[in-house]
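Novice: First the structure, then my questions, so here it is.
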Amino acid sequence: MDTVTAPRGATLSPFLTAAGGTAVLDVRTADVGVQRERRRRRRVATALLGLVLAGLLVMGAAGVDWEAVLANPITVPVLFIGLMGAFLVVYYASSGRSPHTLMRPEQIDIGLADVVGLEPVKEDVVRSLNLFLAHRTFAREMGGTPRRGLLFEGPPGTGKTLMAKAMAREAGVPFLFATATSFQSSYYGATARKIRSYFKELRRVARREGGAIGFIDEFDAIGGTRRGLEMRADGGAHGRSAMGTSDLAGPVVNELLVQMQSIDTPVGAARAAAWARERVNSLLPSHRQLTGRPPERANIMVLASTNRADGLDPALLRPGRFDRRLSFELPDKGGRRALVDHFLRTKAHAPELDEAERRDALAAVTTGYSPVMIEHLLDEALVNALRRGAMTMDWADLEKARLTEEVGLASPVGYTEHEARLIATHESGHATVAWLVAPERRLEVLTMLKRKNALGMLAHGDREDVFTRSRAELRALVEIAFGGMVAEELFFGDVSTGPAGDLSYATTVGAQMVGSAGMAGSLVSFDAVAAGAFSGTNIVGHVLGDADARRRLEELLETAKARVSSLLTQHRHLVEALRDALLERHELVGSEITDVLTTASARYDGSRAATSASDAPAPPLVLDLRDPAAAAVT
Ligand SMILES: Nc1ncnc2c1ncn2[C@@H]1O[C@H](COP(=O)(O)OP(=O)(O)OP(=O)(O)O)[C@@H](O)[C@H]1O
Ligand SMILES: [Mg+2]
């Protein structure tokens, strides 16, 4: 290949300068478009030539005596054998056929503008697209190699597939969509054959159209680490030997590795020319050999998407293959607001949902939602609207949808009176502790209706997006979990099986504090244990398996419970008020919970102040038991 030396002070062509910008290049004038136009003209010329040849053939066939041919006894067996052969060839070829679906850019109705809330990813995508579109100029002027593989990784529903489609549309080239599982086959070697045919097809289409984008969804199904490589990654310090075991992922990954960097082979007329050159060269002495142009490089880009990039084979991620990893994260508050705006543009909604405050509020309460979850929430709200006979969703529909989404559908259960009281007290205990110890948390729902698998529940969440938690916050979470159990003890003098789930939650959070975050007297992290007796166990297992850590955990839980006991004894009136409200209304949502608590608290403080005010001037009553009149009063 020619080397490119950029002279000092040389300027790049405006076209290439534009490629480094933030807008996608115009496909028609880019290298891809120019190449495609050239190919198109050549195809038209070939088609015209084909027509002329076909005409000549028809004219020639008109002179054949068909009756004599059919009467010949050899015709039928020859036809039969020919058909059988064709059937076998088609059958064999189809078992290794590429499993892709081809989409042309004009069939895709999603552009980059439809992918919302992923600005950093979008910037990188535009840069990669521009290099793809200007690949020839980039190679000629700067000697660069355009990116060949992009890996999209991120949680489900964050727009990876959507982004891939948008890229194909913006690049104006065909899009070969395939899911990794569709490559899998039960026939030996068929998976690798399918991968080969897929890349062959990708190159063929790319040559025809100036470029092509391949997309392999859920890539981890075929790109998993080959056996043995995971040992080398950490220096081979511990050994689970791969010797003598069969490794089915091996050939598939190897095929992918080869295909991502496969040598472009000549096609069509160039292939015939190469064949002829080789024959002639075999007759010529070595200093007289004919040389031809190297085969044209097919301009392909392969996108792969996965939820777990850690499990992919390291060789797949090296430069030249899927070297560019783009992380699709869950949207932050700003991103969620943009998504709400985007989806509400096409979904019928009441005017109140046009208010900026409402939309901000919706973005705030959907912490942890992926874009697809937000879209689904709005669809559920539309269904709620339809159910009440309206054509547009309003805020109440949205709230209802969110409740169903987060805590499940409510199903009434016939509790006995004692059980109803027990459940109401238990849940009120949680809510009271949450209100007292974690004012930064948003109390969402307090219910004694059966939702999901819980007989009753308190749903609470963060007010803002949080990425870390302090020791105080974690301690508050443990205390909230104890609220139910302590309330049961306080009001019934006994505990039920109700708190089992709470204890499990408190143990998990506590174990993280003790064995992972260094928050409970020991700085040792069990997370650092990669193998050995503890391998494959989670942090709770690590902590419970170590006598010292277990003691610390028990201490932490006991302290939390003791604190909750004293809190609830002091604020019994709050639990009672919530319990009564819950027994009456069965479910309290958002501000309804805090309203009950504030009112009860104010009333209690007021009555205490009143009692102490009326009590204050009164002298301490000391009864003289020796006085028979006083004794009678008591
Ligand atoms: N960033 C986004 N902007 C707009 N819509 C989005 C976005 N992300 C997801 N969506 C919506 O969610 C749907 C599903 O997204 P998509 O299929 O791209 O998710 P994904 O990341 O590929 O998920 P998975 O990992 O499960 O395959 C899209 O069809 C689109 O309607
Ligand atoms: Mg997807």
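Each chain in the structure tokens gets a letter, A, B and so on, in the order shown; residues start at 1 in every chain, and ligands are counted from 1 in the order they appear.
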Report as JSON lines the residues of chain A within 6 Å of ligand 2, each with its shortest atom pair and distance in Å (one decimal), using only C-alpha atoms and all ligand atoms, ordered by chain and increasing residue number.
Specialist:
```
{"residue": "A:Lys160", "atom": "CA", "partner": "ligand 2", "partner_atom_place_in_ligand_line": "1 (Mg)", "distance": 5.5}
{"residue": "A:Thr161", "atom": "CA", "partner": "ligand 2", "partner_atom_place_in_ligand_line": "1 (Mg)", "distance": 4.3}
{"residue": "A:Asp217", "atom": "CA", "partner": "ligand 2", "partner_atom_place_in_ligand_line": "1 (Mg)", "distance": 5.9}
```
Novice: Keeping only N, CA and C atoms, write the selected residues to a file as a PDB file, in the first residue's frame.
Specialist:
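So the final result, stored in again32.pdb, reads:
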```
ATOM      1  N   LYS A 160     -30.005   0.561  21.730  1.00  0.00           N
ATOM      2  CA  LYS A 160     -28.875   0.068  20.938  1.00  0.00           C
ATOM      3  C   LYS A 160     -29.339  -0.323  19.527  1.00  0.00           C
ATOM      4  N   THR A 161     -30.403  -1.125  19.470  1.00  0.00           N
ATOM      5  CA  THR A 161     -30.916  -1.540  18.165  1.00  0.00           C
ATOM      6  C   THR A 161     -31.422  -0.326  17.387  1.00  0.00           C
ATOM      7  N   ASP A 217     -27.229  -8.485  16.637  1.00  0.00           N
ATOM      8  CA  ASP A 217     -27.870  -8.172  17.921  1.00  0.00           C
ATOM      9  C   ASP A 217     -27.590  -9.295  18.923  1.00  0.00           C
TER      10      ASP A 217
END
```
Novice: According to DSSP computed on the backbone, where in stretch 211-458 of chain A is there strand (DSSP E)? Give the residues as a PyMOL selection string.
Specialist: chain A and resi 212-217+300-306+324-327+410-411+441-447+450-451+457-458
Novice: Now that the selection is made, can you save its residues with N, CA and C atoms as a PDB file, in the first residue's frame?
Specialist:
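As a result, selection00.pdb now contains:
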```pdb
ATOM      1  N   ALA A 212     -21.878  -1.021   3.259  1.00  0.00           N
ATOM      2  CA  ALA A 212     -22.988  -1.713   3.917  1.00  0.00           C
ATOM      3  C   ALA A 212     -22.704  -1.780   5.409  1.00  0.00           C
ATOM      4  N   ILE A 213     -23.787  -1.754   6.180  1.00  0.00           N
ATOM      5  CA  ILE A 213     -23.632  -1.853   7.631  1.00  0.00           C
ATOM      6  C   ILE A 213     -24.233  -3.173   8.095  1.00  0.00           C
ATOM      7  N   GLY A 214     -23.460  -3.932   8.840  1.00  0.00           N
ATOM      8  CA  GLY A 214     -23.975  -5.183   9.396  1.00  0.00           C
ATOM      9  C   GLY A 214     -24.285  -4.954  10.856  1.00  0.00           C
ATOM     10  N   PHE A 215     -25.300  -5.593  11.340  1.00  0.00           N
ATOM     11  CA  PHE A 215     -25.642  -5.441  12.752  1.00  0.00           C
ATOM     12  C   PHE A 215     -25.945  -6.812  13.341  1.00  0.00           C
ATOM     13  N   ILE A 216     -25.192  -7.184  14.366  1.00  0.00           N
ATOM     14  CA  ILE A 216     -25.438  -8.477  15.027  1.00  0.00           C
ATOM     15  C   ILE A 216     -25.958  -8.177  16.430  1.00  0.00           C
ATOM     16  N   ASP A 217     -27.229  -8.485  16.637  1.00  0.00           N
ATOM     17  CA  ASP A 217     -27.870  -8.172  17.921  1.00  0.00           C
ATOM     18  C   ASP A 217     -27.590  -9.295  18.923  1.00  0.00           C
ATOM     19  N   ILE A 300     -17.197  -1.958   4.684  1.00  0.00           N
ATOM     20  CA  ILE A 300     -18.239  -2.458   5.589  1.00  0.00           C
ATOM     21  C   ILE A 300     -18.011  -1.946   7.010  1.00  0.00           C
ATOM     22  N   MET A 301     -19.092  -1.842   7.738  1.00  0.00           N
ATOM     23  CA  MET A 301     -18.983  -1.530   9.162  1.00  0.00           C
ATOM     24  C   MET A 301     -19.873  -2.540   9.882  1.00  0.00           C
ATOM     25  N   VAL A 302     -19.334  -3.132  10.920  1.00  0.00           N
ATOM     26  CA  VAL A 302     -20.123  -4.124  11.645  1.00  0.00           C
ATOM     27  C   VAL A 302     -20.424  -3.592  13.043  1.00  0.00           C
ATOM     28  N   LEU A 303     -21.695  -3.568  13.366  1.00  0.00           N
ATOM     29  CA  LEU A 303     -22.106  -3.139  14.701  1.00  0.00           C
ATOM     30  C   LEU A 303     -22.542  -4.384  15.469  1.00  0.00           C
ATOM     31  N   ALA A 304     -22.203  -4.415  16.730  1.00  0.00           N
ATOM     32  CA  ALA A 304     -22.660  -5.546  17.540  1.00  0.00           C
ATOM     33  C   ALA A 304     -23.243  -4.971  18.810  1.00  0.00           C
ATOM     34  N   SER A 305     -24.306  -5.577  19.296  1.00  0.00           N
ATOM     35  CA  SER A 305     -24.892  -5.043  20.522  1.00  0.00           C
ATOM     36  C   SER A 305     -25.007  -6.148  21.561  1.00  0.00           C
ATOM     37  N   THR A 306     -24.752  -5.782  22.791  1.00  0.00           N
ATOM     38  CA  THR A 306     -24.821  -6.773  23.862  1.00  0.00           C
ATOM     39  C   THR A 306     -25.162  -6.100  25.181  1.00  0.00           C
ATOM     40  N   ARG A 324     -14.157  -0.159  19.254  1.00  0.00           N
ATOM     41  CA  ARG A 324     -14.841   1.017  19.784  1.00  0.00           C
ATOM     42  C   ARG A 324     -16.030   0.552  20.610  1.00  0.00           C
ATOM     43  N   ARG A 325     -15.954   0.790  21.903  1.00  0.00           N
ATOM     44  CA  ARG A 325     -17.069   0.364  22.763  1.00  0.00           C
ATOM     45  C   ARG A 325     -17.890   1.569  23.141  1.00  0.00           C
ATOM     46  N   LEU A 326     -19.165   1.558  22.790  1.00  0.00           N
ATOM     47  CA  LEU A 326     -20.037   2.676  23.143  1.00  0.00           C
ATOM     48  C   LEU A 326     -21.005   2.217  24.228  1.00  0.00           C
ATOM     49  N   SER A 327     -20.990   2.948  25.332  1.00  0.00           N
ATOM     50  CA  SER A 327     -21.839   2.553  26.462  1.00  0.00           C
ATOM     51  C   SER A 327     -23.178   3.256  26.416  1.00  0.00           C
ATOM     52  N   ALA A 410     -53.033  -4.499  41.843  1.00  0.00           N
ATOM     53  CA  ALA A 410     -53.581  -4.785  43.163  1.00  0.00           C
ATOM     54  C   ALA A 410     -54.642  -5.865  43.050  1.00  0.00           C
ATOM     55  N   SER A 411     -54.552  -6.863  43.936  1.00  0.00           N
ATOM     56  CA  SER A 411     -55.619  -7.857  43.927  1.00  0.00           C
ATOM     57  C   SER A 411     -56.162  -7.981  45.347  1.00  0.00           C
ATOM     58  N   ARG A 441     -35.910  10.522  51.310  1.00  0.00           N
ATOM     59  CA  ARG A 441     -36.548   9.529  50.448  1.00  0.00           C
ATOM     60  C   ARG A 441     -37.995   9.907  50.171  1.00  0.00           C
ATOM     61  N   ARG A 442     -38.441   9.510  48.987  1.00  0.00           N
ATOM     62  CA  ARG A 442     -39.805   9.819  48.581  1.00  0.00           C
ATOM     63  C   ARG A 442     -40.689   8.622  48.919  1.00  0.00           C
ATOM     64  N   LEU A 443     -41.717   8.861  49.743  1.00  0.00           N
ATOM     65  CA  LEU A 443     -42.627   7.753  50.067  1.00  0.00           C
ATOM     66  C   LEU A 443     -43.651   7.653  48.946  1.00  0.00           C
ATOM     67  N   GLU A 444     -43.660   6.512  48.267  1.00  0.00           N
ATOM     68  CA  GLU A 444     -44.489   6.405  47.058  1.00  0.00           C
ATOM     69  C   GLU A 444     -45.846   5.788  47.341  1.00  0.00           C
ATOM     70  N   VAL A 445     -45.840   4.600  47.854  1.00  0.00           N
ATOM     71  CA  VAL A 445     -47.098   3.888  48.074  1.00  0.00           C
ATOM     72  C   VAL A 445     -47.035   3.133  49.393  1.00  0.00           C
ATOM     73  N   LEU A 446     -48.106   3.227  50.149  1.00  0.00           N
ATOM     74  CA  LEU A 446     -48.237   2.409  51.351  1.00  0.00           C
ATOM     75  C   LEU A 446     -49.538   1.649  51.151  1.00  0.00           C
ATOM     76  N   THR A 447     -49.434   0.344  51.095  1.00  0.00           N
ATOM     77  CA  THR A 447     -50.638  -0.400  50.715  1.00  0.00           C
ATOM     78  C   THR A 447     -50.805  -1.667  51.543  1.00  0.00           C
ATOM     79  N   LYS A 450     -52.912  -6.692  48.076  1.00  0.00           N
ATOM     80  CA  LYS A 450     -51.862  -7.612  47.637  1.00  0.00           C
ATOM     81  C   LYS A 450     -51.366  -7.155  46.261  1.00  0.00           C
ATOM     82  N   ARG A 451     -50.084  -6.802  46.199  1.00  0.00           N
ATOM     83  CA  ARG A 451     -49.482  -6.442  44.912  1.00  0.00           C
ATOM     84  C   ARG A 451     -48.238  -7.287  44.750  1.00  0.00           C
ATOM     85  N   MET A 457     -47.222  -3.409  51.338  1.00  0.00           N
ATOM     86  CA  MET A 457     -45.856  -2.921  51.116  1.00  0.00           C
ATOM     87  C   MET A 457     -45.745  -1.414  51.237  1.00  0.00           C
ATOM     88  N   LEU A 458     -44.513  -1.011  51.513  1.00  0.00           N
ATOM     89  CA  LEU A 458     -44.193   0.406  51.440  1.00  0.00           C
ATOM     90  C   LEU A 458     -43.207   0.533  50.293  1.00  0.00           C
TER      91      LEU A 458
END
```
Novice: Nearest to A:Phe492: which of A:Thr29, A:Gln289, A:Gln35, A:Thr425 is it, counting only C-alpha atoms?
Specialist: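 Of A:Thr29, A:Gln289, A:Gln35, A:Thr425, the one nearest A:Phe492 is A:Thr425, counting only C-alpha atoms.
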Novice: Can you tell me which residues come within 6 Å of ligand 1 when counting only C-alpha atoms and all ligand atoms, ideally as an mmCIF file with C-alpha atoms, in the first residue's frame?
Specialist:
```
data_model
loop_
_atom_site.group_PDB
_atom_site.id
_atom_site.type_symbol
_atom_site.label_atom_id
_atom_site.label_comp_id
_atom_site.auth_asym_id
_atom_site.auth_seq_id
_atom_site.Cartn_x
_atom_site.Cartn_y
_atom_site.Cartn_z
ATOM 1 C CA ASP A 114 -35.221 9.897 16.941
ATOM 2 C CA VAL A 115 -32.589 8.569 19.308
ATOM 3 C CA VAL A 116 -32.933 10.758 22.358
ATOM 4 C CA GLY A 117 -30.858 11.374 25.459
ATOM 5 C CA PRO A 155 -28.786 -2.423 29.760
ATOM 6 C CA PRO A 156 -31.884 -3.598 27.856
ATOM 7 C CA GLY A 157 -34.082 -0.995 26.224
ATOM 8 C CA THR A 158 -31.556 1.817 26.077
ATOM 9 C CA GLY A 159 -31.689 2.231 22.303
ATOM 10 C CA LYS A 160 -28.875 0.068 20.938
ATOM 11 C CA THR A 161 -30.916 -1.540 18.165
ATOM 12 C CA LEU A 162 -32.600 1.778 17.501
ATOM 13 C CA ASN A 307 -25.983 -6.379 27.425
ATOM 14 C CA PRO A 371 -36.158 4.727 27.528
ATOM 15 C CA VAL A 372 -38.294 1.750 26.591
#
```
Novice: Between atom CA of A:Gly172 and atom CA of A:Arg147, what is the distance in Å, rounded to a tenth?
Specialist: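 Between these atoms lies a distance of 17.4 Å.
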Novice: Quick one: everything within 12 Å of A:Ala500, counting only C-alpha atoms, minus sequence neighbours fewer than 4 positions away in the same chain. Send it as an NGL selection string.
Specialist: :A and (454 or 481-482 or 484-485 or 495-496 or 504-507)
Novice: Just to be explicit: take each residue in the selection above, keep N, CA and C atoms, and write the result as a compact mmCIF listing (two decimals), in the first residue's frame.
Specialist:
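Final file, again_5.txt:
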```txt
# COMPACT_ATOMS: atom_id res chain seq x y z
N ALA A 454 -46.42 -9.51 47.61
CA ALA A 454 -46.45 -9.00 48.97
C ALA A 454 -47.87 -8.73 49.42
N ALA A 481 -36.15 -1.17 57.06
CA ALA A 481 -36.52 -2.59 56.94
C ALA A 481 -36.97 -3.16 58.29
N PHE A 482 -36.38 -2.67 59.39
CA PHE A 482 -36.77 -3.18 60.71
C PHE A 482 -38.08 -2.59 61.22
N GLY A 484 -41.14 -2.66 60.28
CA GLY A 484 -42.30 -3.54 60.33
C GLY A 484 -42.23 -4.49 61.51
N MET A 485 -41.08 -5.12 61.67
CA MET A 485 -40.92 -6.11 62.73
C MET A 485 -41.09 -5.48 64.12
N VAL A 495 -44.02 -11.54 66.94
CA VAL A 495 -43.77 -11.27 65.51
C VAL A 495 -44.33 -12.39 64.66
N SER A 496 -44.66 -12.02 63.40
CA SER A 496 -45.21 -13.03 62.48
C SER A 496 -44.11 -13.40 61.48
N SER A 504 -34.13 -10.37 55.26
CA SER A 504 -33.23 -10.74 54.18
C SER A 504 -32.65 -9.48 53.54
N TYR A 505 -33.50 -8.48 53.35
CA TYR A 505 -33.03 -7.22 52.75
C TYR A 505 -32.01 -6.55 53.67
N ALA A 506 -32.35 -6.48 54.98
CA ALA A 506 -31.45 -5.82 55.93
C ALA A 506 -30.10 -6.54 55.97
N THR A 507 -30.15 -7.87 55.90
CA THR A 507 -28.91 -8.65 55.92
C THR A 507 -28.06 -8.33 54.69
```
Novice: Can you list, as a compact mmCIF listing (two decimals) with N, CA and C atoms, in the first residue's frame, every protein, DNA or RNA residue that comes within 12 Å of stretch 508-524 of chain A when you count only C-alpha atoms, leaving out same-chain residues fewer than 3 positions away?
Specialist:
```
# COMPACT_ATOMS: atom_id res chain seq x y z
N THR A 468 -24.06 7.08 44.44
CA THR A 468 -23.37 6.47 45.58
C THR A 468 -24.29 6.60 46.78
N ARG A 469 -24.02 5.84 47.82
CA ARG A 469 -24.80 5.98 49.04
C ARG A 469 -23.86 6.15 50.23
N SER A 470 -24.26 7.01 51.16
CA SER A 470 -23.41 7.23 52.33
C SER A 470 -23.73 6.16 53.38
N ARG A 471 -22.86 6.10 54.39
CA ARG A 471 -23.08 5.15 55.47
C ARG A 471 -24.43 5.42 56.14
N ALA A 472 -24.73 6.73 56.34
CA ALA A 472 -25.99 7.08 57.01
C ALA A 472 -27.19 6.62 56.19
N GLU A 473 -27.08 6.74 54.86
CA GLU A 473 -28.21 6.33 54.02
C GLU A 473 -28.42 4.82 54.08
N LEU A 474 -27.32 4.10 54.04
CA LEU A 474 -27.44 2.64 54.10
C LEU A 474 -28.01 2.21 55.45
N ARG A 475 -27.54 2.90 56.50
CA ARG A 475 -28.05 2.55 57.83
C ARG A 475 -29.56 2.83 57.89
N ALA A 476 -29.96 3.94 57.24
CA ALA A 476 -31.39 4.27 57.22
C ALA A 476 -32.19 3.18 56.51
N LEU A 477 -31.61 2.63 55.43
CA LEU A 477 -32.33 1.58 54.69
C LEU A 477 -32.53 0.35 55.57
N VAL A 478 -31.49 0.02 56.36
CA VAL A 478 -31.61 -1.13 57.26
C VAL A 478 -32.67 -0.83 58.31
N GLU A 479 -32.67 0.39 58.82
CA GLU A 479 -33.65 0.74 59.87
C GLU A 479 -35.08 0.70 59.33
N ILE A 480 -35.25 1.20 58.10
CA ILE A 480 -36.60 1.16 57.51
C ILE A 480 -37.07 -0.30 57.42
N ALA A 481 -36.15 -1.17 57.06
CA ALA A 481 -36.52 -2.59 56.94
C ALA A 481 -36.97 -3.16 58.29
N GLY A 501 -38.87 -11.25 54.66
CA GLY A 501 -38.28 -10.56 53.51
C GLY A 501 -37.49 -9.34 53.96
N ASP A 502 -38.00 -8.64 54.98
CA ASP A 502 -37.30 -7.44 55.47
C ASP A 502 -35.94 -7.82 56.04
N LEU A 503 -35.92 -8.95 56.78
CA LEU A 503 -34.66 -9.38 57.39
C LEU A 503 -33.64 -9.74 56.31
N SER A 504 -34.13 -10.37 55.26
CA SER A 504 -33.23 -10.74 54.18
C SER A 504 -32.65 -9.48 53.54
N TYR A 505 -33.50 -8.48 53.35
CA TYR A 505 -33.03 -7.22 52.75
C TYR A 505 -32.01 -6.55 53.67
N ASP A 527 -15.12 -8.46 48.33
CA ASP A 527 -15.27 -8.38 46.87
C ASP A 527 -13.97 -8.71 46.16
N ALA A 528 -12.86 -8.51 46.89
CA ALA A 528 -11.55 -8.75 46.26
C ALA A 528 -11.25 -10.24 46.11
N VAL A 529 -12.05 -11.07 46.75
CA VAL A 529 -11.82 -12.52 46.66
C VAL A 529 -12.31 -12.99 45.30
N ASN A 538 -21.90 -14.84 46.74
CA ASN A 538 -22.08 -13.39 46.75
C ASN A 538 -21.58 -12.80 48.06
N ILE A 539 -21.72 -11.49 48.20
CA ILE A 539 -21.12 -10.82 49.35
C ILE A 539 -21.74 -11.31 50.67
N VAL A 540 -23.03 -11.63 50.63
CA VAL A 540 -23.67 -12.11 51.86
C VAL A 540 -23.03 -13.43 52.29
N GLY A 541 -22.80 -14.30 51.30
CA GLY A 541 -22.16 -15.59 51.58
C GLY A 541 -20.78 -15.38 52.17
N HIS A 542 -20.03 -14.45 51.61
CA HIS A 542 -18.68 -14.17 52.11
C HIS A 542 -18.72 -13.74 53.57
N VAL A 543 -19.64 -12.79 53.86
CA VAL A 543 -19.68 -12.22 55.21
C VAL A 543 -20.16 -13.27 56.21
N LEU A 544 -21.19 -14.03 55.83
CA LEU A 544 -21.71 -15.02 56.77
C LEU A 544 -20.72 -16.16 56.98
N GLY A 545 -19.86 -16.39 56.00
CA GLY A 545 -18.90 -17.48 56.11
C GLY A 545 -17.69 -17.13 56.97
N ASP A 546 -17.57 -15.88 57.34
CA ASP A 546 -16.42 -15.46 58.12
C ASP A 546 -16.90 -15.06 59.52
N ALA A 547 -16.39 -15.74 60.54
CA ALA A 547 -16.93 -15.57 61.89
C ALA A 547 -16.86 -14.11 62.35
N ASP A 548 -15.74 -13.46 62.08
CA ASP A 548 -15.57 -12.10 62.56
C ASP A 548 -16.54 -11.14 61.86
N ALA A 549 -16.64 -11.30 60.53
CA ALA A 549 -17.52 -10.42 59.76
C ALA A 549 -18.97 -10.66 60.16
N ARG A 550 -19.31 -11.92 60.41
CA ARG A 550 -20.68 -12.25 60.79
C ARG A 550 -21.02 -11.58 62.11
N ARG A 551 -20.05 -11.57 63.04
CA ARG A 551 -20.29 -10.93 64.34
C ARG A 551 -20.56 -9.43 64.14
N ARG A 552 -19.75 -8.81 63.26
CA ARG A 552 -19.94 -7.38 62.99
C ARG A 552 -21.32 -7.12 62.39
N LEU A 553 -21.71 -8.01 61.47
CA LEU A 553 -23.01 -7.85 60.82
C LEU A 553 -24.13 -7.96 61.85
N GLU A 554 -24.02 -8.95 62.73
CA GLU A 554 -25.08 -9.13 63.74
C GLU A 554 -25.16 -7.92 64.65
N GLU A 555 -24.00 -7.39 64.99
CA GLU A 555 -23.95 -6.20 65.85
C GLU A 555 -24.65 -5.03 65.17
N LEU A 556 -24.32 -4.87 63.87
CA LEU A 556 -24.90 -3.76 63.10
C LEU A 556 -26.42 -3.87 63.06
N LEU A 557 -26.91 -5.09 62.83
CA LEU A 557 -28.36 -5.28 62.73
C LEU A 557 -29.02 -5.07 64.09
N GLU A 558 -28.38 -5.58 65.15
CA GLU A 558 -28.96 -5.41 66.49
C GLU A 558 -29.05 -3.93 66.85
N THR A 559 -27.97 -3.19 66.56
CA THR A 559 -27.98 -1.76 66.88
C THR A 559 -29.11 -1.06 66.13
N ALA A 560 -29.24 -1.41 64.84
CA ALA A 560 -30.29 -0.77 64.04
C ALA A 560 -31.65 -1.06 64.64
```
